[in-house]
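Text of structure14.cif (mmCIF, C-alpha atoms) as supplied:
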data_protein
loop_
_atom_site.group_PDB
_atom_site.id
_atom_site.type_symbol
_atom_site.label_atom_id
_atom_site.label_comp_id
_atom_site.auth_asym_id
_atom_site.auth_seq_id
_atom_site.Cartn_x
_atom_site.Cartn_y
_atom_site.Cartn_z
ATOM 1 C CA MET T 106 1.497 -0.790 21.585
ATOM 2 C CA SER T 107 2.582 -4.330 22.432
ATOM 3 C CA ALA T 108 -0.556 -5.753 20.790
ATOM 4 C CA LEU T 109 0.268 -3.916 17.545
ATOM 5 C CA ILE T 110 3.943 -4.939 17.534
ATOM 6 C CA ASP T 111 3.087 -8.515 18.541
ATOM 7 C CA GLY T 112 0.583 -8.710 15.671
ATOM 8 C CA ILE T 113 3.168 -7.509 13.181
ATOM 9 C CA LYS T 114 5.740 -9.940 14.603
ATOM 10 C CA GLY T 115 3.273 -12.763 13.936
ATOM 11 C CA ASN T 116 4.183 -12.048 10.282
ATOM 12 C CA ARG T 117 0.927 -13.363 8.738
ATOM 13 C CA PHE T 118 -0.890 -10.559 6.964
ATOM 14 C CA ALA T 119 -4.360 -10.330 5.434
ATOM 15 C CA VAL T 120 -4.250 -7.495 2.907
ATOM 16 C CA PHE T 121 -7.388 -5.743 1.607
ATOM 17 C CA GLY T 122 -7.349 -3.918 -1.716
ATOM 18 C CA ARG T 123 -6.704 -4.117 -5.390
ATOM 19 C CA ALA T 124 -4.552 -6.058 -7.757
ATOM 20 C CA GLY T 125 -4.061 -4.767 -11.271
ATOM 21 C CA MET T 126 -1.939 -4.969 -14.371
ATOM 22 C CA ASP T 127 0.978 -2.584 -14.879
ATOM 23 C CA LEU T 128 2.174 -1.808 -18.386
ATOM 24 C CA TYR T 129 5.392 0.187 -18.343
ATOM 25 C CA ALA T 130 7.176 1.542 -21.377
ATOM 26 C CA ASP T 131 10.428 -0.100 -22.442
ATOM 27 C CA PRO T 132 13.267 0.923 -22.438
ATOM 28 C CA VAL T 133 13.953 3.169 -19.439
ATOM 29 C CA GLY T 134 13.451 6.822 -20.314
ATOM 30 C CA VAL T 135 11.069 6.443 -23.250
ATOM 31 C CA LYS T 136 7.704 8.210 -23.040
ATOM 32 C CA SER T 137 4.624 6.011 -23.302
ATOM 33 C CA GLU T 138 3.485 7.628 -26.542
ATOM 34 C CA ASP T 139 6.883 6.957 -28.120
ATOM 35 C CA ALA T 140 7.281 3.367 -26.906
ATOM 36 C CA ASP T 141 7.453 0.397 -29.245
ATOM 37 C CA ALA T 142 7.127 -2.068 -26.368
ATOM 38 C CA PHE T 143 5.602 -2.297 -22.897
ATOM 39 C CA HIS T 144 6.468 -4.721 -20.127
ATOM 40 C CA ALA T 145 3.508 -6.250 -18.231
ATOM 41 C CA ASP T 146 3.590 -7.210 -14.567
ATOM 42 C CA LEU T 147 1.560 -7.165 -11.373
ATOM 43 C CA GLY T 148 0.421 -3.797 -10.028
ATOM 44 C CA GLY T 149 -2.115 -2.280 -7.661
ATOM 45 C CA SER T 150 -1.138 -0.935 -4.255
ATOM 46 C CA SER T 151 -2.312 -3.848 -2.102
ATOM 47 C CA ALA T 152 -0.953 -6.490 -4.488
ATOM 48 C CA ASN T 153 2.387 -4.647 -4.494
ATOM 49 C CA ILE T 154 2.460 -4.648 -0.682
ATOM 50 C CA CYS T 155 1.758 -8.391 -0.717
ATOM 51 C CA ALA T 156 4.563 -9.089 -3.198
ATOM 52 C CA GLY T 157 6.930 -6.902 -1.190
ATOM 53 C CA LEU T 158 6.082 -8.682 2.064
ATOM 54 C CA VAL T 159 6.539 -12.178 0.633
ATOM 55 C CA LYS T 160 9.871 -11.251 -0.953
ATOM 56 C CA LEU T 161 11.022 -10.158 2.511
ATOM 57 C CA GLY T 162 9.984 -13.425 4.153
ATOM 58 C CA SER T 163 6.461 -12.641 5.363
ATOM 59 C CA GLN T 164 3.205 -14.452 4.611
ATOM 60 C CA ALA T 165 0.543 -12.415 2.819
ATOM 61 C CA SER T 166 -2.958 -13.157 1.553
ATOM 62 C CA LEU T 167 -4.730 -10.719 -0.732
ATOM 63 C CA ILE T 168 -8.472 -10.334 -0.132
ATOM 64 C CA THR T 169 -10.069 -8.808 -3.224
ATOM 65 C CA SER T 170 -12.075 -9.633 -6.345
ATOM 66 C CA VAL T 171 -10.760 -10.035 -9.887
ATOM 67 C CA SER T 172 -12.398 -10.128 -13.295
ATOM 68 C CA ASP T 173 -13.269 -13.386 -15.038
ATOM 69 C CA ASP T 174 -11.093 -12.665 -18.051
ATOM 70 C CA ALA T 175 -7.528 -12.891 -19.329
ATOM 71 C CA VAL T 176 -6.309 -9.865 -17.342
ATOM 72 C CA GLY T 177 -7.830 -11.188 -14.129
ATOM 73 C CA ARG T 178 -6.121 -14.538 -14.707
ATOM 74 C CA PHE T 179 -2.851 -12.754 -15.493
ATOM 75 C CA CYS T 180 -3.006 -11.005 -12.113
ATOM 76 C CA LEU T 181 -3.841 -14.254 -10.280
ATOM 77 C CA ASN T 182 -0.923 -15.987 -11.996
ATOM 78 C CA LYS T 183 1.442 -13.152 -11.057
ATOM 79 C CA LEU T 184 0.264 -13.175 -7.429
ATOM 80 C CA THR T 185 0.977 -16.914 -7.329
ATOM 81 C CA HIS T 186 4.361 -16.304 -8.984
ATOM 82 C CA TYR T 187 5.303 -13.915 -6.159
ATOM 83 C CA GLY T 188 4.106 -16.360 -3.510
ATOM 84 C CA VAL T 189 0.997 -14.441 -2.439
ATOM 85 C CA ASP T 190 -1.941 -16.514 -1.156
ATOM 86 C CA THR T 191 -4.990 -16.074 -3.428
ATOM 87 C CA SER T 192 -7.471 -18.355 -1.656
ATOM 88 C CA TYR T 193 -9.698 -15.436 -0.574
ATOM 89 C CA ILE T 194 -9.909 -13.824 -4.010
ATOM 90 C CA ARG T 195 -13.368 -14.031 -5.636
ATOM 91 C CA ILE T 196 -13.668 -14.115 -9.437
ATOM 92 C CA VAL T 197 -16.447 -11.821 -10.706
ATOM 93 C CA GLY T 198 -18.069 -12.121 -14.143
ATOM 94 C CA GLY T 199 -19.833 -9.503 -16.226
ATOM 95 C CA GLU T 200 -18.442 -6.146 -17.286
ATOM 96 C CA TYR T 201 -16.245 -5.462 -14.237
ATOM 97 C CA ARG T 202 -12.575 -5.029 -15.084
ATOM 98 C CA MET T 203 -9.147 -5.060 -13.449
ATOM 99 C CA SER T 204 -7.262 -1.846 -12.812
ATOM 100 C CA LEU T 205 -4.730 -0.988 -15.502
ATOM 101 C CA ALA T 206 -1.818 1.418 -15.065
ATOM 102 C CA VAL T 207 0.174 2.555 -18.089
ATOM 103 C CA TYR T 208 3.332 4.415 -17.109
ATOM 104 C CA GLU T 209 6.983 4.911 -17.903
ATOM 105 C CA SER T 210 10.414 4.688 -16.271
ATOM 106 C CA ARG T 211 11.306 8.376 -16.173
ATOM 107 C CA ILE T 212 11.140 11.208 -13.649
ATOM 108 C CA GLU T 213 10.860 14.235 -15.920
ATOM 109 C CA ASP T 214 7.292 14.646 -17.232
ATOM 110 C CA PHE T 215 6.374 11.271 -15.689
ATOM 111 C CA GLN T 216 2.996 10.016 -16.887
ATOM 112 C CA ASN T 217 0.817 7.368 -15.257
ATOM 113 C CA VAL T 218 -2.507 6.712 -16.978
ATOM 114 C CA ILE T 219 -4.890 4.783 -14.707
ATOM 115 C CA TYR T 220 -7.925 2.885 -16.004
ATOM 116 C CA ARG T 221 -10.442 2.301 -13.193
ATOM 117 C CA ASN T 222 -13.726 2.174 -15.147
ATOM 118 C CA GLY T 223 -15.993 -0.483 -13.620
ATOM 119 C CA ALA T 224 -13.186 -1.553 -11.280
ATOM 120 C CA VAL T 225 -13.781 -5.129 -10.141
ATOM 121 C CA ASP T 226 -12.019 -4.691 -6.787
ATOM 122 C CA PHE T 227 -14.880 -2.456 -5.622
ATOM 123 C CA GLN T 228 -17.161 -5.518 -5.819
ATOM 124 C CA VAL T 229 -15.825 -7.073 -2.593
ATOM 125 C CA THR T 230 -18.797 -7.636 -0.258
ATOM 126 C CA GLU T 231 -19.396 -7.969 3.485
ATOM 127 C CA GLU T 232 -20.051 -11.668 2.823
ATOM 128 C CA ASP T 233 -16.564 -11.974 1.286
ATOM 129 C CA MET T 234 -15.058 -10.412 4.398
ATOM 130 C CA ASP T 235 -17.049 -12.700 6.715
ATOM 131 C CA LYS T 236 -15.650 -15.765 4.909
ATOM 132 C CA VAL T 237 -12.083 -14.851 5.892
ATOM 133 C CA ASP T 238 -10.654 -16.968 8.712
ATOM 134 C CA TYR T 239 -9.124 -14.149 10.751
ATOM 135 C CA GLY T 240 -7.525 -16.748 13.030
ATOM 136 C CA GLU T 241 -5.098 -17.542 10.194
ATOM 137 C CA PHE T 242 -3.558 -14.078 10.466
ATOM 138 C CA SER T 243 -1.706 -11.935 12.986
ATOM 139 C CA ALA T 244 -2.551 -8.509 11.488
ATOM 140 C CA VAL T 245 -4.604 -6.954 8.691
ATOM 141 C CA ILE T 246 -3.515 -4.277 6.216
ATOM 142 C CA SER T 247 -5.716 -2.018 4.128
ATOM 143 C CA ALA T 248 -5.021 0.579 1.465
ATOM 144 C CA GLY T 249 -7.332 3.577 1.344
ATOM 145 C CA THR T 250 -8.608 2.832 -2.158
ATOM 146 C CA VAL T 251 -10.930 0.095 -0.789
ATOM 147 C CA PHE T 252 -13.079 2.808 0.815
ATOM 148 C CA ALA T 253 -13.669 4.828 -2.371
ATOM 149 C CA ALA T 254 -16.854 3.033 -3.512
ATOM 150 C CA GLU T 255 -19.521 0.556 -2.468
ATOM 151 C CA PRO T 256 -19.853 -2.309 -1.749
ATOM 152 C CA SER T 257 -16.109 -2.391 -1.019
ATOM 153 C CA ARG T 258 -16.365 0.488 1.483
ATOM 154 C CA SER T 259 -18.877 -1.195 3.773
ATOM 155 C CA ALA T 260 -17.126 -4.534 3.301
ATOM 156 C CA SER T 261 -13.800 -3.080 4.410
ATOM 157 C CA PHE T 262 -15.277 -1.502 7.531
ATOM 158 C CA ARG T 263 -16.848 -4.902 8.257
ATOM 159 C CA ALA T 264 -13.385 -6.468 7.881
ATOM 160 C CA PHE T 265 -11.971 -3.919 10.338
ATOM 161 C CA ASP T 266 -14.690 -4.916 12.833
ATOM 162 C CA ASN T 267 -14.016 -8.622 12.243
ATOM 163 C CA ALA T 268 -10.291 -8.086 12.755
ATOM 164 C CA ARG T 269 -10.922 -6.192 15.973
ATOM 165 C CA LYS T 270 -13.128 -9.006 17.310
ATOM 166 C CA ALA T 271 -10.373 -11.502 16.455
ATOM 167 C CA GLY T 272 -7.816 -9.396 18.338
ATOM 168 C CA LEU T 273 -5.859 -8.422 15.209
ATOM 169 C CA PRO T 274 -4.268 -4.986 14.812
ATOM 170 C CA VAL T 275 -5.364 -2.898 11.819
ATOM 171 C CA ILE T 276 -2.674 -1.319 9.616
ATOM 172 C CA PHE T 277 -3.858 1.476 7.308
ATOM 173 C CA ASP T 278 -2.075 3.024 4.324
ATOM 174 C CA ILE T 279 -4.100 6.182 3.535
ATOM 175 C CA ASP T 280 -3.231 5.903 -0.189
ATOM 176 C CA TYR T 281 -5.571 8.698 -1.335
ATOM 177 C CA ARG T 282 -6.255 8.550 -5.095
ATOM 178 C CA PRO T 283 -8.647 11.382 -6.057
ATOM 179 C CA TYR T 284 -9.756 9.709 -9.319
ATOM 180 C CA SER T 285 -11.420 6.851 -7.385
ATOM 181 C CA TRP T 286 -13.631 9.016 -5.167
ATOM 182 C CA PRO T 287 -16.990 10.712 -5.795
ATOM 183 C CA SER T 288 -15.808 13.900 -4.045
ATOM 184 C CA PRO T 289 -12.987 15.179 -1.803
ATOM 185 C CA GLU T 290 -15.512 15.729 0.996
ATOM 186 C CA VAL T 291 -16.625 12.087 1.004
ATOM 187 C CA ALA T 292 -13.008 10.938 0.853
ATOM 188 C CA SER T 293 -11.957 13.114 3.776
ATOM 189 C CA GLU T 294 -14.804 11.892 5.964
ATOM 190 C CA VAL T 295 -14.416 8.191 5.104
ATOM 191 C CA LEU T 296 -10.600 8.082 5.282
ATOM 192 C CA SER T 297 -10.695 9.882 8.646
ATOM 193 C CA ARG T 298 -13.130 7.254 9.910
ATOM 194 C CA ALA T 299 -10.806 4.488 8.709
ATOM 195 C CA GLY T 300 -7.860 6.193 10.402
ATOM 196 C CA GLU T 301 -9.713 6.356 13.716
ATOM 197 C CA ALA T 302 -10.320 2.582 13.469
ATOM 198 C CA SER T 303 -6.635 1.762 12.839
ATOM 199 C CA ASP T 304 -3.624 0.954 15.025
ATOM 200 C CA LEU T 305 -0.838 1.859 12.589
ATOM 201 C CA ILE T 306 -1.439 4.667 10.082
ATOM 202 C CA VAL T 307 0.992 5.449 7.266
ATOM 203 C CA GLY T 308 0.584 8.353 4.876
ATOM 204 C CA ASN T 309 2.348 11.278 3.275
ATOM 205 C CA ASP T 310 2.078 14.947 4.124
ATOM 206 C CA GLU T 311 -0.506 15.544 1.393
ATOM 207 C CA GLU T 312 -2.697 12.659 2.574
ATOM 208 C CA PHE T 313 -2.712 13.727 6.225
ATOM 209 C CA GLY T 314 -3.289 17.296 5.079
ATOM 210 C CA PHE T 315 -6.187 16.125 2.983
ATOM 211 C CA MET T 316 -7.752 14.330 5.970
ATOM 212 C CA ALA T 317 -7.292 17.497 8.058
ATOM 213 C CA GLY T 318 -8.742 19.891 5.461
ATOM 214 C CA GLY T 319 -5.461 21.539 4.378
ATOM 215 C CA ILE T 320 -1.861 20.474 3.797
ATOM 216 C CA ASP T 321 -0.680 22.934 6.450
ATOM 217 C CA LYS T 322 -2.767 21.026 9.020
ATOM 218 C CA GLY T 323 -1.499 17.535 8.147
ATOM 219 C CA PHE T 324 1.312 17.343 10.692
ATOM 220 C CA GLU T 325 -1.035 18.272 13.538
ATOM 221 C CA LYS T 326 -3.556 15.717 12.243
ATOM 222 C CA ALA T 327 -0.901 12.986 12.402
ATOM 223 C CA ARG T 328 0.087 14.089 15.919
ATOM 224 C CA GLU T 329 -3.569 14.120 16.975
ATOM 225 C CA LEU T 330 -4.169 10.602 15.624
ATOM 226 C CA ALA T 331 -1.040 9.387 17.417
ATOM 227 C CA ALA T 332 -2.388 10.582 20.768
ATOM 228 C CA LYS T 333 -4.462 7.400 21.089
ATOM 229 C CA PRO T 334 -2.562 4.975 23.360
ATOM 230 C CA GLY T 335 -1.017 2.050 21.489
ATOM 231 C CA ARG T 336 -1.200 3.684 18.058
ATOM 232 C CA ILE T 337 1.745 4.431 15.746
ATOM 233 C CA VAL T 338 1.506 7.077 13.007
ATOM 234 C CA ILE T 339 4.127 7.537 10.282
ATOM 235 C CA TYR T 340 4.100 10.887 8.485
ATOM 236 C CA LYS T 341 6.101 10.693 5.237
ATOM 237 C CA MET T 342 7.521 13.808 3.580
ATOM 238 C CA GLY T 343 9.170 12.499 0.400
ATOM 239 C CA GLU T 344 12.760 13.696 0.096
ATOM 240 C CA LYS T 345 12.556 15.231 3.592
ATOM 241 C CA GLY T 346 12.184 11.801 5.200
ATOM 242 C CA ALA T 347 9.551 10.863 7.760
ATOM 243 C CA VAL T 348 8.381 11.485 11.310
ATOM 244 C CA THR T 349 7.192 8.510 13.366
ATOM 245 C CA PHE T 350 4.825 9.331 16.236
ATOM 246 C CA VAL T 351 4.930 6.703 18.983
ATOM 247 C CA ASP T 352 4.365 6.859 22.754
ATOM 248 C CA GLY T 353 4.586 10.646 22.791
ATOM 249 C CA GLN T 354 7.871 10.618 20.841
ATOM 250 C CA GLU T 355 8.483 12.114 17.391
ATOM 251 C CA ILE T 356 11.253 10.146 15.658
ATOM 252 C CA GLU T 357 12.728 11.845 12.589
ATOM 253 C CA THR T 358 14.354 9.731 9.884
ATOM 254 C CA GLY T 359 15.925 10.478 6.507
ATOM 255 C CA ILE T 360 15.944 8.766 3.135
ATOM 256 C CA TYR T 361 18.517 6.861 1.075
ATOM 257 C CA PRO T 362 19.257 9.007 -1.997
ATOM 258 C CA VAL T 363 19.339 7.097 -5.285
ATOM 259 C CA THR T 364 19.081 7.863 -8.980
ATOM 260 C CA ALA T 365 15.360 7.320 -9.473
ATOM 261 C CA VAL T 366 13.906 6.107 -12.760
ATOM 262 C CA LYS T 367 10.268 6.604 -11.679
ATOM 263 C CA PRO T 368 8.317 8.008 -8.698
ATOM 264 C CA ASN T 369 5.711 5.264 -8.161
ATOM 265 C CA GLY T 370 5.762 2.126 -6.016
ATOM 266 C CA ALA T 371 7.748 3.717 -3.185
ATOM 267 C CA GLY T 372 4.896 3.807 -0.673
ATOM 268 C CA ASP T 373 3.955 0.159 -1.201
ATOM 269 C CA SER T 374 7.563 -0.925 -0.786
ATOM 270 C CA PHE T 375 7.994 1.248 2.314
ATOM 271 C CA MET T 376 5.023 -0.472 3.965
ATOM 272 C CA ALA T 377 6.314 -3.953 3.109
ATOM 273 C CA GLY T 378 9.817 -3.155 4.319
ATOM 274 C CA LEU T 379 8.577 -1.556 7.533
ATOM 275 C CA LEU T 380 6.351 -4.474 8.527
ATOM 276 C CA ALA T 381 8.685 -7.276 7.453
ATOM 277 C CA SER T 382 11.537 -5.615 9.363
ATOM 278 C CA ILE T 383 9.499 -5.280 12.579
ATOM 279 C CA ALA T 384 8.486 -8.925 12.140
ATOM 280 C CA ALA T 385 12.146 -9.911 11.793
ATOM 281 C CA GLY T 386 13.012 -8.182 15.061
ATOM 282 C CA SER T 387 14.142 -4.687 14.050
ATOM 283 C CA GLU T 388 13.465 -1.804 16.429
ATOM 284 C CA LEU T 389 10.847 0.641 15.134
ATOM 285 C CA LYS T 390 13.284 3.353 13.978
ATOM 286 C CA ASP T 391 15.459 0.783 12.198
ATOM 287 C CA ALA T 392 12.366 -0.748 10.590
ATOM 288 C CA VAL T 393 11.335 2.691 9.290
ATOM 289 C CA MET T 394 14.822 3.102 7.817
ATOM 290 C CA ARG T 395 14.669 -0.330 6.179
ATOM 291 C CA GLY T 396 11.272 0.604 4.741
ATOM 292 C CA SER T 397 12.803 3.803 3.410
ATOM 293 C CA ALA T 398 15.607 1.779 1.800
ATOM 294 C CA CYS T 399 13.021 -0.475 0.126
ATOM 295 C CA ALA T 400 11.313 2.618 -1.297
ATOM 296 C CA SER T 401 14.630 3.851 -2.709
ATOM 297 C CA ILE T 402 15.341 0.479 -4.300
ATOM 298 C CA VAL T 403 11.942 0.380 -6.009
ATOM 299 C CA VAL T 404 12.114 3.879 -7.509
ATOM 300 C CA SER T 405 15.562 3.050 -8.920
ATOM 301 C CA LYS T 406 14.203 0.173 -11.044
ATOM 302 C CA PRO T 407 11.426 -0.276 -13.639
ATOM 303 C CA GLY T 408 8.125 -1.767 -12.493
ATOM 304 C CA CYS T 409 6.621 -2.065 -9.012
ATOM 305 C CA ALA T 410 6.105 -5.684 -7.881
ATOM 306 C CA PRO T 411 9.199 -6.953 -9.769
ATOM 307 C CA ALA T 412 11.306 -4.129 -8.279
ATOM 308 C CA MET T 413 10.465 -5.041 -4.655
ATOM 309 C CA PRO T 414 13.662 -6.258 -2.962
ATOM 310 C CA THR T 415 14.341 -9.578 -1.265
ATOM 311 C CA THR T 416 15.985 -9.545 2.180
ATOM 312 C CA PRO T 417 19.474 -10.246 0.730
ATOM 313 C CA GLU T 418 18.977 -7.453 -1.832
ATOM 314 C CA LEU T 419 17.866 -5.050 0.906
ATOM 315 C CA ASP T 420 20.817 -5.965 3.121
ATOM 316 C CA ALA T 421 23.245 -5.578 0.199
ATOM 317 C CA PHE T 422 21.797 -2.134 -0.601
ATOM 318 C CA LEU T 423 22.197 -0.989 3.015
ATOM 319 C CA ALA T 424 25.741 -2.373 3.188
ATOM 320 C CA SER T 425 26.829 -0.552 0.006
ATOM 321 C CA HIS T 426 24.903 2.727 0.414
ATOM 322 C CA PRO T 427 26.758 5.670 2.020
ATOM 323 C CA GLY T 428 23.827 6.146 4.383
ATOM 324 C CA PRO T 429 20.616 8.074 4.913
ATOM 325 C CA THR T 430 20.108 11.821 4.920
ATOM 326 C CA THR T 431 19.860 13.404 8.356
#

Re-express the file's structure as structure tokens.
Amino acid sequence: MSALIDGIKGNRFAVFGRAGMDLYADPVGVKSEDADAFHADLGGSSANICAGLVKLGSQASLITSVSDDAVGRFCLNKLTHYGVDTSYIRIVGGEYRMSLAVYESRIEDFQNVIYRNGAVDFQVTEEDMDKVDYGEFSAVISAGTVFAAEPSRSASFRAFDNARKAGLPVIFDIDYRPYSWPSPEVASEVLSRAGEASDLIVGNDEEFGFMAGGIDKGFEKARELAAKPGRIVIYKMGEKGAVTFVDGQEIETGIYPVTAVKPNGAGDSFMAGLLASIAAGSELKDAVMRGSACASIVVSKPGCAPAMPTTPELDAFLASHPGPTT
């Protein structure tokens, strides 16, 4: 446990996974098909986590590949804008393309159209992962999407091995996206393998249920994974809060109710808030609550990366909010 917490407290994170472009309909409430304008910003789960971490005072490097075109350059520029290190990002030519998400700021009938055809982030190789100086970092973070296709899958397992050899803890956000995978069976097997290789595992009830072969089995799967000494597992349940499994304890926490304008981006912000708060000295339960507050802030605003709070914004939210559910 101390090795995991110490790694997080080092506050220098190597993050594996995708960057992409988000296009969200403007103004708030309008459906995509009725919009006259869309706002463009950084998206992609791992890029969002990076932006969230940096806004909260952490250092984050994104390890991925981007397309050699205007959208790839847009994403690189946005990463730089948010203060994310891009020195390990490889630019790939040809027909590979960035992820694109087209969505809207509304809860009712929310639509998120994802374009992942020929996704360039799947072109990360074992050689790319071997070029990373793991000594620069104190922990590594991976989103589950990196395991959905080759060569990224093998490359990411190589990165896990490299991190382990360098003494770095592995933090894993299950982040199951069915559209990226060849089959549910492959996804279940590969994500379970990644979970077994990780020190901190974060996922929702559906994702743990998926790994276990049924949503009714997810809670037991999380408990089973947490049985390994030194590992922390966080089982998120949406509006019902979360359960953190640590050292044989099961810590239940609530959420901070807000008026949401969209459902997406919450998980990325939770991860950033959790890790940055541990790094800043918060106890684990308090860090989970701060992560939960970050998630609430992000769903209450348009966009993902631009909605991630800074530390003063997070503190102001907590100071003014009536408090979490029990």

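Shell of segment 326-334 of chain T at 8 Å, with only C-alpha atoms counted and residues fewer than 2 places along the chain excluded, is T:Met106, T:Gly300, T:Glu301, T:Phe313, T:Gly314, T:Met316, T:Ala317, T:Lys322, T:Gly323, T:Phe324, T:Arg336, T:Ile337, T:Val338, T:Ile339, T:Tyr340, T:Phe350, T:Val351, T:Asp352, T:Gly353.
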
Show which residues sit within 7 Å of segment 169-180 of chain T, as a PDB file with C-alpha atoms, keeping the file's coordinate frame. Count all atoms listed in the file, and ignore same-chain residues fewer than 2 positions away.
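New file selection.pdb:
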ATOM      1  CA  PHE T 121      -7.388  -5.743   1.607  1.00  0.00           C
ATOM      2  CA  GLY T 122      -7.349  -3.918  -1.716  1.00  0.00           C
ATOM      3  CA  ARG T 123      -6.704  -4.117  -5.390  1.00  0.00           C
ATOM      4  CA  ALA T 124      -4.552  -6.058  -7.757  1.00  0.00           C
ATOM      5  CA  GLY T 125      -4.061  -4.767 -11.271  1.00  0.00           C
ATOM      6  CA  MET T 126      -1.939  -4.969 -14.371  1.00  0.00           C
ATOM      7  CA  LEU T 147       1.560  -7.165 -11.373  1.00  0.00           C
ATOM      8  CA  LEU T 167      -4.730 -10.719  -0.732  1.00  0.00           C
ATOM      9  CA  ASN T 182      -0.923 -15.987 -11.996  1.00  0.00           C
ATOM     10  CA  LYS T 183       1.442 -13.152 -11.057  1.00  0.00           C
ATOM     11  CA  LEU T 184       0.264 -13.175  -7.429  1.00  0.00           C
ATOM     12  CA  ILE T 194      -9.909 -13.824  -4.010  1.00  0.00           C
ATOM     13  CA  ARG T 195     -13.368 -14.031  -5.636  1.00  0.00           C
ATOM     14  CA  ILE T 196     -13.668 -14.115  -9.437  1.00  0.00           C
ATOM     15  CA  VAL T 197     -16.447 -11.821 -10.706  1.00  0.00           C
ATOM     16  CA  GLY T 198     -18.069 -12.121 -14.143  1.00  0.00           C
ATOM     17  CA  TYR T 201     -16.245  -5.462 -14.237  1.00  0.00           C
ATOM     18  CA  ARG T 202     -12.575  -5.029 -15.084  1.00  0.00           C
ATOM     19  CA  MET T 203      -9.147  -5.060 -13.449  1.00  0.00           C
ATOM     20  CA  VAL T 225     -13.781  -5.129 -10.141  1.00  0.00           C
ATOM     21  CA  ASP T 226     -12.019  -4.691  -6.787  1.00  0.00           C
ATOM     22  CA  GLN T 228     -17.161  -5.518  -5.819  1.00  0.00           C
ATOM     23  CA  VAL T 229     -15.825  -7.073  -2.593  1.00  0.00           C
TER      24      VAL T 229
END

Study note, to complete from the structure: Closest of T:Ala292, T:Ala130, T:Ala424, T:Val237 to Asn217 of chain T, counting all atoms listed in the file, is T:Ala130

Point to revise | Proximity to Asp146 of chain T - best of T:Gly162, T:Pro407, T:Pro414, T:Gly428, all atoms listed in the file | key: T:Pro407

Review point. Hey, what's within 10 Å of segment 151-160 of chain T if we count all atoms listed in the file and toss same-chain stuff fewer than 6 positions away? As a PyMOL selection string, please?
Key: chain T and resi 116-125+166-169+180+183-190+246-251+278+280+370+372-382+399+409-418

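For the pair atom CA of Leu273 of chain T and atom CA of Val291 of chain T, the separation is 27.2 Å.
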
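Counting from atom CA of Met342 of chain T, the distance to atom CA of Tyr281 of chain T is 14.9 Å.
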
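For the choices T:Val218, T:Val295, T:Val135, T:Ala271, the atom-to-atom distance to Glu241 of chain T is smallest for T:Ala271 when using all atoms listed in the file.
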
Starting from 3 Å padding per side, set up an axis-aligned box that covers all listed atoms of segment 292-295 of chain T and hand over centre and edge lengths in Å, one decimal, as AutoDock Vina command-line options.
--center_x -13.4 --center_y 10.7 --center_z 3.4 --size_x 8.8 --size_y 10.9 --size_z 11.1

Exercise for review: I need the residue set behind the PyMOL selection byres ((chain T and resi 389) around 10) for this file; please write it as a VMD selection string.
Suggested key: chain T and resid 110 337 349 351 356 379 to 380 382 to 383 386 to 388 390 to 395
